[in-house]
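These notes concern the structure reproduced below.
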Amino acid sequence: MHRLTAFAFLVVAALSTLASPAAADPAIKVTPTQGTALSEKEDKEVRKALLGYLDALKARDFAKAGEMLERESLITATGPLVSAVAADSLSALVVRKKIFGVSTQDSLLKRTNGQLFTSLMGYLLELSPGAGQILENAEIEVLAARKMGDKVHIAYQLTLPTAGEGGMPFTQVTAQQMRKVDGKWRILFRLEGS
């Protein structure tokens with residue numbers, strides 16, 4: 001299955017790499033070279049939205065977290081997600097039901113982001129039961145945010161604790177994109193490489 005860069009998937013996908021974790025270092029300094037700086041107001045809004053998303057994930061309020069995702073990007077990702085797991089079009093009905101709670105694309109489109117994301121996270125936590133505890137203790141530090149066209153690109157450091165005693169935390173610096181939809185910043189949900 002493709003690894004996703006949307007934060008929720010990043011957390012779960014990162015858990016599978018904890019066998020060789022990196023030590024948690026202080027946040028690195030990032031010097032953006034492309035795009036334009038955000039206004040102070042936009043910067044605060046973007047940070048608040050991203051940190052609000054993390055807080056919702058940590059509280060396992062997946063419905064709230066799902067509503068913070070940009071709808072079009074979430075819907076676009078459902079097809080490749082199902083295809084990555086399903087062997088053929090017949091099994092796609094079963095897989096879609098397992099991951100998103102409905103078997104047909106028409107039914108999927110009628111569900112809210114919160115409903116879709118709650119089903120998706122339930123599926124992921126079923127695959128990796130220990131992920132929930134690690135997710136609750138995740139930390140994020142926003143390093144930089146730049147505007148490029150109608151999107152904001154945010155670099156951040158994600159730190160996940162280890163599942164057991166004596167291990168080192170997993171730290172990764174990554175980026176996320178956001179876009180303003182109906183006056184609110186929404187996180188773009190995307191498959192890696194898309």
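Residue numbering restarts at 1 in every chain; chains get A, B, ... in the order shown in the structure tokens, and ligands count up from 1 in that same order.
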Residue list (alpha helix (DSSP H), DSSP) for region 64-101 of chain A, as a count of residues only: 31
Could you list, with a cut-off of 6 Å and counting only C-alpha atoms, the residues of region 42-160 of chain A near region 165-173 of chain A, each shown with its nearest atom pair and the distance in Å rounded to one decimal, rows sorted by chain and ascending number, as a tab-separated table?
```
residue	atom	partner	partner_atom	distance
A:Tyr156	CA	A:Val173	CA	5.6
A:Gln157	CA	A:Val173	CA	4.3
A:Leu158	CA	A:Gln172	CA	5.3
A:Thr159	CA	A:Thr171	CA	4.3
A:Leu160	CA	A:Phe170	CA	5.1
```
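In this model, the gap between CA of Ala84 (chain A) and CA of Thr162 (chain A) comes to 27.9 Å.
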Using only C-alpha atoms, which residues sit within 10 Å of Gln133 (chain A) once same-chain residues fewer than 4 positions away are excluded, as a short mmCIF file (atom, residue, chain, number, x, y, z; two decimals) with N, CA and C atoms, in the first residue's frame?
```
data_model
loop_
_atom_site.label_atom_id
_atom_site.label_comp_id
_atom_site.auth_asym_id
_atom_site.auth_seq_id
_atom_site.Cartn_x
_atom_site.Cartn_y
_atom_site.Cartn_z
N LYS A 58 -4.72 13.55 18.50
CA LYS A 58 -4.25 13.06 19.79
C LYS A 58 -5.41 12.69 20.70
N ARG A 60 -8.10 11.54 19.67
CA ARG A 60 -8.85 10.53 18.90
C ARG A 60 -10.23 11.04 18.49
N PRO A 129 -2.68 -1.64 16.26
CA PRO A 129 -3.35 -1.29 17.51
C PRO A 129 -2.56 -0.39 18.45
N ASN A 137 0.63 10.79 22.17
CA ASN A 137 1.80 11.47 22.71
C ASN A 137 2.66 12.14 21.64
N ALA A 138 2.16 12.24 20.42
CA ALA A 138 2.90 12.88 19.33
C ALA A 138 3.08 14.36 19.62
N PRO A 161 6.76 9.19 20.23
CA PRO A 161 7.44 8.40 21.26
C PRO A 161 7.53 6.94 20.83
N THR A 162 8.38 6.19 21.48
CA THR A 162 8.48 4.76 21.19
C THR A 162 7.35 4.02 21.87
N ALA A 163 7.05 2.85 21.36
CA ALA A 163 5.98 2.03 21.93
C ALA A 163 6.42 1.37 23.23
#
```
Phe117 (chain A) surroundings by only C-alpha atoms, 8 Å radius, close-in-sequence under 5 positions cut, as an NGL selection string: :A and (62-63 or 65-66 or 100)
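Of the residues under consideration (A:Leu120, A:Val46, A:Ala87, A:Leu57), A:Val46 shows the shortest atom-to-atom contact distance to Lys184 (chain A) when counting only C-alpha atoms.
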Contacts of Tyr123 (chain A) at 9 Å (only C-alpha atoms; same-chain gap of 3+ positions) as an mmCIF file with N, CA and C atoms, in the first residue's frame:
```cif
data_model
loop_
_atom_site.group_PDB
_atom_site.id
_atom_site.type_symbol
_atom_site.label_atom_id
_atom_site.label_comp_id
_atom_site.auth_asym_id
_atom_site.auth_seq_id
_atom_site.Cartn_x
_atom_site.Cartn_y
_atom_site.Cartn_z
ATOM 1 N N LYS A 98 -14.663 -1.650 4.169
ATOM 2 C CA LYS A 98 -13.777 -1.857 5.312
ATOM 3 C C LYS A 98 -13.065 -0.561 5.705
ATOM 4 N N ILE A 99 -12.583 0.187 4.715
ATOM 5 C CA ILE A 99 -11.813 1.389 5.001
ATOM 6 C C ILE A 99 -12.701 2.601 5.286
ATOM 7 N N PHE A 100 -13.740 2.788 4.475
ATOM 8 C CA PHE A 100 -14.532 4.019 4.561
ATOM 9 C C PHE A 100 -15.973 3.829 5.043
ATOM 10 N N THR A 118 -13.040 9.156 10.203
ATOM 11 C CA THR A 118 -13.231 8.289 11.368
ATOM 12 C C THR A 118 -13.143 6.825 10.954
ATOM 13 N N SER A 119 -13.785 6.475 9.850
ATOM 14 C CA SER A 119 -13.700 5.098 9.344
ATOM 15 C C SER A 119 -12.273 4.738 8.961
ATOM 16 N N LEU A 120 -11.619 5.648 8.273
ATOM 17 C CA LEU A 120 -10.246 5.424 7.830
ATOM 18 C C LEU A 120 -9.312 5.215 9.016
ATOM 19 N N GLU A 126 -6.879 -0.488 13.564
ATOM 20 C CA GLU A 126 -7.093 -1.940 13.602
ATOM 21 C C GLU A 126 -5.846 -2.658 13.067
ATOM 22 N N LEU A 127 -5.222 -2.087 12.044
ATOM 23 C CA LEU A 127 -4.004 -2.670 11.473
ATOM 24 C C LEU A 127 -2.816 -2.526 12.420
ATOM 25 N N SER A 128 -2.786 -1.436 13.168
ATOM 26 C CA SER A 128 -1.675 -1.153 14.072
ATOM 27 C C SER A 128 -2.235 -0.695 15.414
#
```
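The smallest atom-to-atom distance between Ala59 (chain A) and any of A:Asp43, A:Asp150, A:Glu136, A:Glu141, using only C-alpha atoms, is found for A:Glu136.
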- request: Show which residues sit within 8 Å of Ala37 (chain A), as a count of residues only. Count only C-alpha atoms, and ignore same-chain residues fewer than 2 positions away.
  value: 5
